$ cat protein21.cif   # mmCIF, C-alpha atoms
data_work
#
loop_
_atom_site.label_atom_id
_atom_site.label_comp_id
_atom_site.auth_asym_id
_atom_site.auth_seq_id
_atom_site.Cartn_x
_atom_site.Cartn_y
_atom_site.Cartn_z
CA MET A 1 2.88 -12.61 -0.20
CA LYS A 2 3.23 -12.84 -3.98
CA GLN A 3 -0.54 -12.36 -4.38
CA LEU A 4 -0.43 -9.26 -2.14
CA THR A 5 2.43 -7.79 -4.21
CA SER A 6 0.53 -8.47 -7.45
CA GLN A 7 -2.65 -6.95 -6.03
CA LEU A 8 -0.73 -3.84 -4.92
CA ALA A 9 0.81 -3.51 -8.40
CA MET A 10 -2.68 -3.65 -9.97
CA THR A 11 -3.92 -1.03 -7.49
CA LYS A 12 -0.97 1.23 -8.34
CA ALA A 13 -1.79 0.94 -12.05
CA GLU A 14 -5.45 1.71 -11.28
CA TYR A 15 -4.38 4.76 -9.25
CA PHE A 16 -2.32 6.22 -12.12
CA LYS A 17 -5.04 5.44 -14.69
CA PHE A 18 -7.63 7.15 -12.46
CA LEU A 19 -5.49 10.31 -12.14
CA SER A 20 -4.89 10.45 -15.89
CA LYS A 21 -8.63 11.00 -16.53
CA PHE A 22 -8.69 14.47 -14.98
CA ARG A 23 -8.05 17.90 -16.48
CA SER A 24 -8.93 19.91 -13.37
CA LEU A 25 -8.46 19.42 -9.66
CA GLN A 26 -10.59 20.33 -6.69
CA LEU A 27 -8.73 22.70 -4.42
CA SER A 28 -8.99 23.35 -0.69
CA THR A 29 -7.30 26.44 0.70
CA ILE A 30 -7.22 28.32 3.99
CA GLY A 31 -8.57 31.86 3.88
CA GLU A 32 -8.71 34.72 6.34
CA ASN A 33 -9.05 33.73 9.99
CA GLY A 34 -8.53 30.07 9.07
CA ARG A 35 -11.72 29.92 6.99
CA PRO A 36 -11.70 26.91 4.62
CA GLU A 37 -12.43 27.62 0.99
CA SER A 38 -13.08 25.25 -1.90
CA SER A 39 -12.53 25.86 -5.58
CA TYR A 40 -11.06 24.17 -8.63
CA ALA A 41 -8.41 24.81 -11.26
CA PRO A 42 -7.19 23.20 -14.48
CA PHE A 43 -3.79 21.59 -13.97
CA VAL A 44 -0.83 19.88 -15.57
CA VAL A 45 1.60 17.46 -13.94
CA ASP A 46 5.35 17.07 -14.41
CA PRO A 47 7.46 13.87 -14.35
CA LYS A 48 8.01 14.32 -10.59
CA ASN A 49 4.23 14.18 -10.09
CA HIS A 50 4.02 17.79 -9.00
CA PHE A 51 0.80 19.52 -9.97
CA TYR A 52 0.77 23.00 -11.54
CA ILE A 53 -2.07 25.48 -11.73
CA TYR A 54 -2.10 28.76 -13.62
CA VAL A 55 -4.40 31.06 -11.67
CA SER A 56 -5.39 34.69 -11.48
CA SER A 57 -4.28 36.80 -8.53
CA LEU A 58 -7.85 38.10 -8.50
CA ALA A 59 -9.15 34.70 -7.36
CA ARG A 60 -9.40 34.24 -3.60
CA HIS A 61 -7.78 30.83 -3.73
CA THR A 62 -4.63 32.32 -5.26
CA GLY A 63 -4.21 34.74 -2.36
CA ASN A 64 -4.90 31.93 0.09
CA LEU A 65 -2.27 29.71 -1.52
CA LEU A 66 0.35 32.44 -1.57
CA ASN A 67 -0.38 33.55 2.02
CA ASP A 68 -0.60 30.12 3.63
CA GLY A 69 1.61 27.93 1.43
CA ARG A 70 -0.59 24.84 1.84
CA ALA A 71 -3.30 23.23 -0.26
CA GLY A 72 -5.44 20.14 -0.29
CA ILE A 73 -6.33 18.75 -3.69
CA MET A 74 -8.83 16.08 -4.66
CA PHE A 75 -9.78 14.06 -7.70
CA ILE A 76 -13.11 12.27 -7.37
CA GLU A 77 -15.13 10.09 -9.72
CA SER A 78 -18.42 11.49 -10.92
CA GLU A 79 -21.60 10.59 -9.08
CA GLU A 80 -22.91 9.01 -12.28
CA ASP A 81 -19.94 6.64 -12.50
CA ALA A 82 -19.90 5.68 -8.82
CA GLU A 83 -21.14 2.22 -7.85
CA ASN A 84 -22.02 3.58 -4.43
CA ILE A 85 -22.45 7.26 -3.57
CA PHE A 86 -20.91 6.62 -0.12
CA ALA A 87 -17.74 5.11 -1.57
CA ARG A 88 -16.78 7.20 -4.59
CA LYS A 89 -13.29 6.51 -5.88
CA ARG A 90 -11.01 9.44 -5.02
CA VAL A 91 -7.44 10.60 -4.56
CA THR A 92 -6.46 13.37 -2.15
CA PHE A 93 -3.11 15.05 -1.57
CA ASP A 94 -1.77 17.43 1.06
CA CYS A 95 0.52 19.83 -0.77
CA GLU A 96 3.05 22.58 -0.25
CA VAL A 97 2.66 25.53 -2.61
CA GLU A 98 5.48 27.33 -4.44
CA ILE A 99 5.33 30.09 -7.01
CA VAL A 100 7.16 29.46 -10.27
CA GLU A 101 8.66 32.73 -11.43
CA ARG A 102 7.65 33.99 -14.86
CA GLU A 103 9.93 33.37 -17.82
CA THR A 104 12.26 30.97 -15.96
CA ASP A 105 13.18 27.64 -17.56
CA ASP A 106 10.71 25.86 -15.23
CA TRP A 107 7.95 28.32 -16.14
CA GLN A 108 8.59 27.82 -19.87
CA LYS A 109 8.54 24.00 -19.60
CA ILE A 110 5.31 23.93 -17.61
CA MET A 111 3.61 26.49 -19.84
CA LEU A 112 4.31 24.21 -22.82
CA LEU A 113 2.36 21.49 -21.00
CA PHE A 114 -0.52 23.93 -20.54
CA ASP A 115 -0.30 24.81 -24.25
CA GLN A 116 -0.72 21.14 -25.12
CA ARG A 117 -3.71 20.82 -22.81
CA ALA A 118 -5.55 24.11 -23.33
CA GLY A 119 -4.45 25.21 -26.80
CA GLU A 120 -4.97 28.74 -28.04
CA LEU A 121 -6.50 30.00 -24.79
CA MET A 122 -3.05 29.87 -23.22
CA GLU A 123 -1.78 32.55 -25.62
CA THR A 124 -4.24 34.97 -24.07
CA LEU A 125 -3.73 33.82 -20.48
CA ARG A 126 0.07 34.11 -20.76
CA MET A 127 -0.29 37.81 -21.52
CA LEU A 128 -2.35 38.52 -18.38
CA SER A 129 0.08 39.80 -15.76
CA ASP A 130 -2.20 38.87 -12.85
CA PHE A 131 -1.84 35.13 -13.58
CA LYS A 132 0.60 33.10 -11.49
CA LEU A 133 2.03 29.65 -12.06
CA LEU A 134 1.91 27.67 -8.82
CA ARG A 135 3.52 24.32 -8.08
CA LEU A 136 1.56 22.06 -5.74
CA ARG A 137 4.09 19.61 -4.32
CA PRO A 138 2.33 16.61 -2.71
CA LYS A 139 3.67 15.59 0.69
CA SER A 140 1.22 12.74 1.34
CA GLY A 141 -1.87 11.28 -0.26
CA LEU A 142 -4.73 8.85 -0.03
CA PHE A 143 -6.32 6.67 -2.73
CA VAL A 144 -9.77 5.36 -1.79
CA LYS A 145 -11.32 2.89 -4.21
CA GLY A 146 -14.18 1.60 -2.06
CA PHE A 147 -15.17 0.44 1.39
CA GLY A 148 -12.11 -0.98 3.17
CA LYS A 149 -9.96 -0.18 0.14
CA ALA A 150 -7.90 2.83 1.21
CA TYR A 151 -4.23 3.23 0.35
CA GLN A 152 -1.68 5.66 1.74
CA ILE A 153 0.31 7.36 -1.04
CA SER A 154 3.92 8.30 -0.34
CA GLY A 155 7.37 8.49 -1.90
CA THR A 156 9.18 11.30 -3.66
CA LEU A 157 7.13 10.62 -6.82
CA MET A 158 3.90 9.86 -4.94
CA ASP A 159 4.09 6.37 -6.44
CA GLU A 160 4.29 4.17 -3.35
CA LEU A 161 1.00 2.73 -2.12
CA SER A 162 0.35 0.84 1.09
CA HIS A 163 -3.00 -0.58 2.18
CA ILE A 164 -4.20 1.22 5.29
CA ASN A 165 -5.91 -1.87 6.69
CA PRO A 166 -4.42 -4.88 4.88
CA ARG A 167 -6.48 -7.35 6.97
CA LYS A 168 -9.66 -6.46 5.06
#
$ encode --input "protein21.cif" --output "structure tokens"
Amino acid sequence: MKQLTSQLAMTKAEYFKFLSKFRSLQLSTIGENGRPESSYAPFVVDPKNHFYIYVSSLARHTGNLLNDGRAGIMFIESEEDAENIFARKRVTFDCEVEIVERETDDWQKIMLLFDQRAGELMETLRMLSDFKLLRLRPKSGLFVKGFGKAYQISGTLMDELSHINPRK
């Protein structure tokens, strides 16, 4: 039991280290007539492990997110770094989407995180009225680190991992 707890703690550390490598997320949204659409967006994350994207209303994914209120996001290791193309390390989350109103305290705090990440470009993007700040609040997740190594992600901070098939 102690070995299993230690192994799970190492997997949790690996999960957070893996997520910290990314500056953009892959985004799945639902378009007109239920049509799936894929895209990506740069992001920041807050202490509650909510993801934020600052996106133009002109982009189809923004309309999809605002109309449907759901998103799938994925972080996946590069093909070059993968030991096996069939078992690339990845994290996926099912999320609820909320708009963060401009100039609120929340908006200001998150925009400071974007400033730190994207620098001077944010000065320009902040002035564009078509851009929206969206919060992607994970409801559940999955961390796959290889064949037979899949972990359900849960908890209010998305920091609880449980092996999907612990017998392997």
$ closest_residue --input "protein21.cif" --among "A:Asp130, A:Asp94, A:Glu123, A:Glu160" --to "His50 in chain A" --atoms "only C-alpha atoms"
A:Asp94
$ atom_distance --input "protein21.cif" --atom1 "CA of Asn165 in chain A" --atom2 "CA of Phe18 in chain A"
21.2 Å
$ resolve_selection --input "protein21.cif" --expression "the PyMOL selection byres ((chain A and resi 133) around 12)" --output "MDAnalysis selection string"
chainID A and resid 41:44 51:57 62 65:66 97:104 106:111 114 125:126 128:132 134:136
$ residues_around --input "protein21.cif" --residues "Phe93 in chain A" --least-positions-apart "3" --cutoff "6 Å" --atoms "all atoms listed in the file" --output "PyMOL selection string"
chain A and resi 72-73+138+140-141
$ closest_residue --input "protein21.cif" --among "A:Gly34, A:Phe147, A:Asp46, A:Ala71" --to "Asn84 in chain A" --atoms "only C-alpha atoms"
A:Phe147
$ residues_around --input "protein21.cif" --residues "Gly146 in chain A" --least-positions-apart "3" --cutoff "9 Å" --atoms "all atoms listed in the file" --output "tab-separated table (two decimals) with C-alpha atoms, keeping the file's coordinate frame"
chain	number	residue	atom	x	y	z
A	84	ASN	CA	-22.02	3.58	-4.43
A	86	PHE	CA	-20.91	6.62	-0.12
A	87	ALA	CA	-17.74	5.11	-1.57
A	88	ARG	CA	-16.78	7.20	-4.59
A	89	LYS	CA	-13.29	6.51	-5.88
A	90	ARG	CA	-11.01	9.44	-5.02
A	149	LYS	CA	-9.96	-0.18	0.14
A	150	ALA	CA	-7.90	2.83	1.21
$ residues_near_point --input "protein21.cif" --point "(-0.3, 12.3, -1.8)" --cutoff "9 Å" --atoms "all atoms listed in the file" --output "PDB file with C-alpha atoms, in the coordinates of the input"
ATOM      1  CA  VAL A  91      -7.440  10.600  -4.560  1.00  0.00           C
ATOM      2  CA  THR A  92      -6.460  13.370  -2.150  1.00  0.00           C
ATOM      3  CA  PHE A  93      -3.110  15.050  -1.570  1.00  0.00           C
ATOM      4  CA  ASP A  94      -1.770  17.430   1.060  1.00  0.00           C
ATOM      5  CA  CYS A  95       0.520  19.830  -0.770  1.00  0.00           C
ATOM      6  CA  ARG A 137       4.090  19.610  -4.320  1.00  0.00           C
ATOM      7  CA  PRO A 138       2.330  16.610  -2.710  1.00  0.00           C
ATOM      8  CA  LYS A 139       3.670  15.590   0.690  1.00  0.00           C
ATOM      9  CA  SER A 140       1.220  12.740   1.340  1.00  0.00           C
ATOM     10  CA  GLY A 141      -1.870  11.280  -0.260  1.00  0.00           C
ATOM     11  CA  LEU A 142      -4.730   8.850  -0.030  1.00  0.00           C
ATOM     12  CA  PHE A 143      -6.320   6.670  -2.730  1.00  0.00           C
ATOM     13  CA  GLN A 152      -1.680   5.660   1.740  1.00  0.00           C
ATOM     14  CA  ILE A 153       0.310   7.360  -1.040  1.00  0.00           C
ATOM     15  CA  SER A 154       3.920   8.300  -0.340  1.00  0.00           C
ATOM     16  CA  GLY A 155       7.370   8.490  -1.900  1.00  0.00           C
ATOM     17  CA  MET A 158       3.900   9.860  -4.940  1.00  0.00           C
ATOM     18  CA  ASP A 159       4.090   6.370  -6.440  1.00  0.00           C
TER      19      ASP A 159
END
$ atom_distance --input "protein21.cif" --atom1 "CA of Glu37 in chain A" --atom2 "CA of Glu83 in chain A"
28.3 Å
$ closest_residue --input "protein21.cif" --among "A:Thr5, A:Ser39, A:Asn67, A:Asn49" --to "His163 in chain A" --atoms "only C-alpha atoms"
A:Thr5
$ atom_distance --input "protein21.cif" --atom1 "CA of Val45 in chain A" --atom2 "CA of Glu77 in chain A"
18.8 Å
$ residues_near_point --input "protein21.cif" --point "(-9.2, 30.2, 2.9)" --cutoff "10 Å" --atoms "only C-alpha atoms" --output "list in words"
Ser28, Thr29, Ile30, Gly31, Glu32, Asn33, Gly34, Arg35, Pro36, Glu37, Ser38, Arg60, His61, Thr62, Gly63, Asn64, Leu65, Asn67, Asp68 and Ala71 of chain A
$ closest_residue --input "protein21.cif" --among "A:Asp105, A:Phe22, A:Ala13, A:Leu8" --to "Arg117 in chain A" --atoms "all atoms listed in the file"
A:Phe22
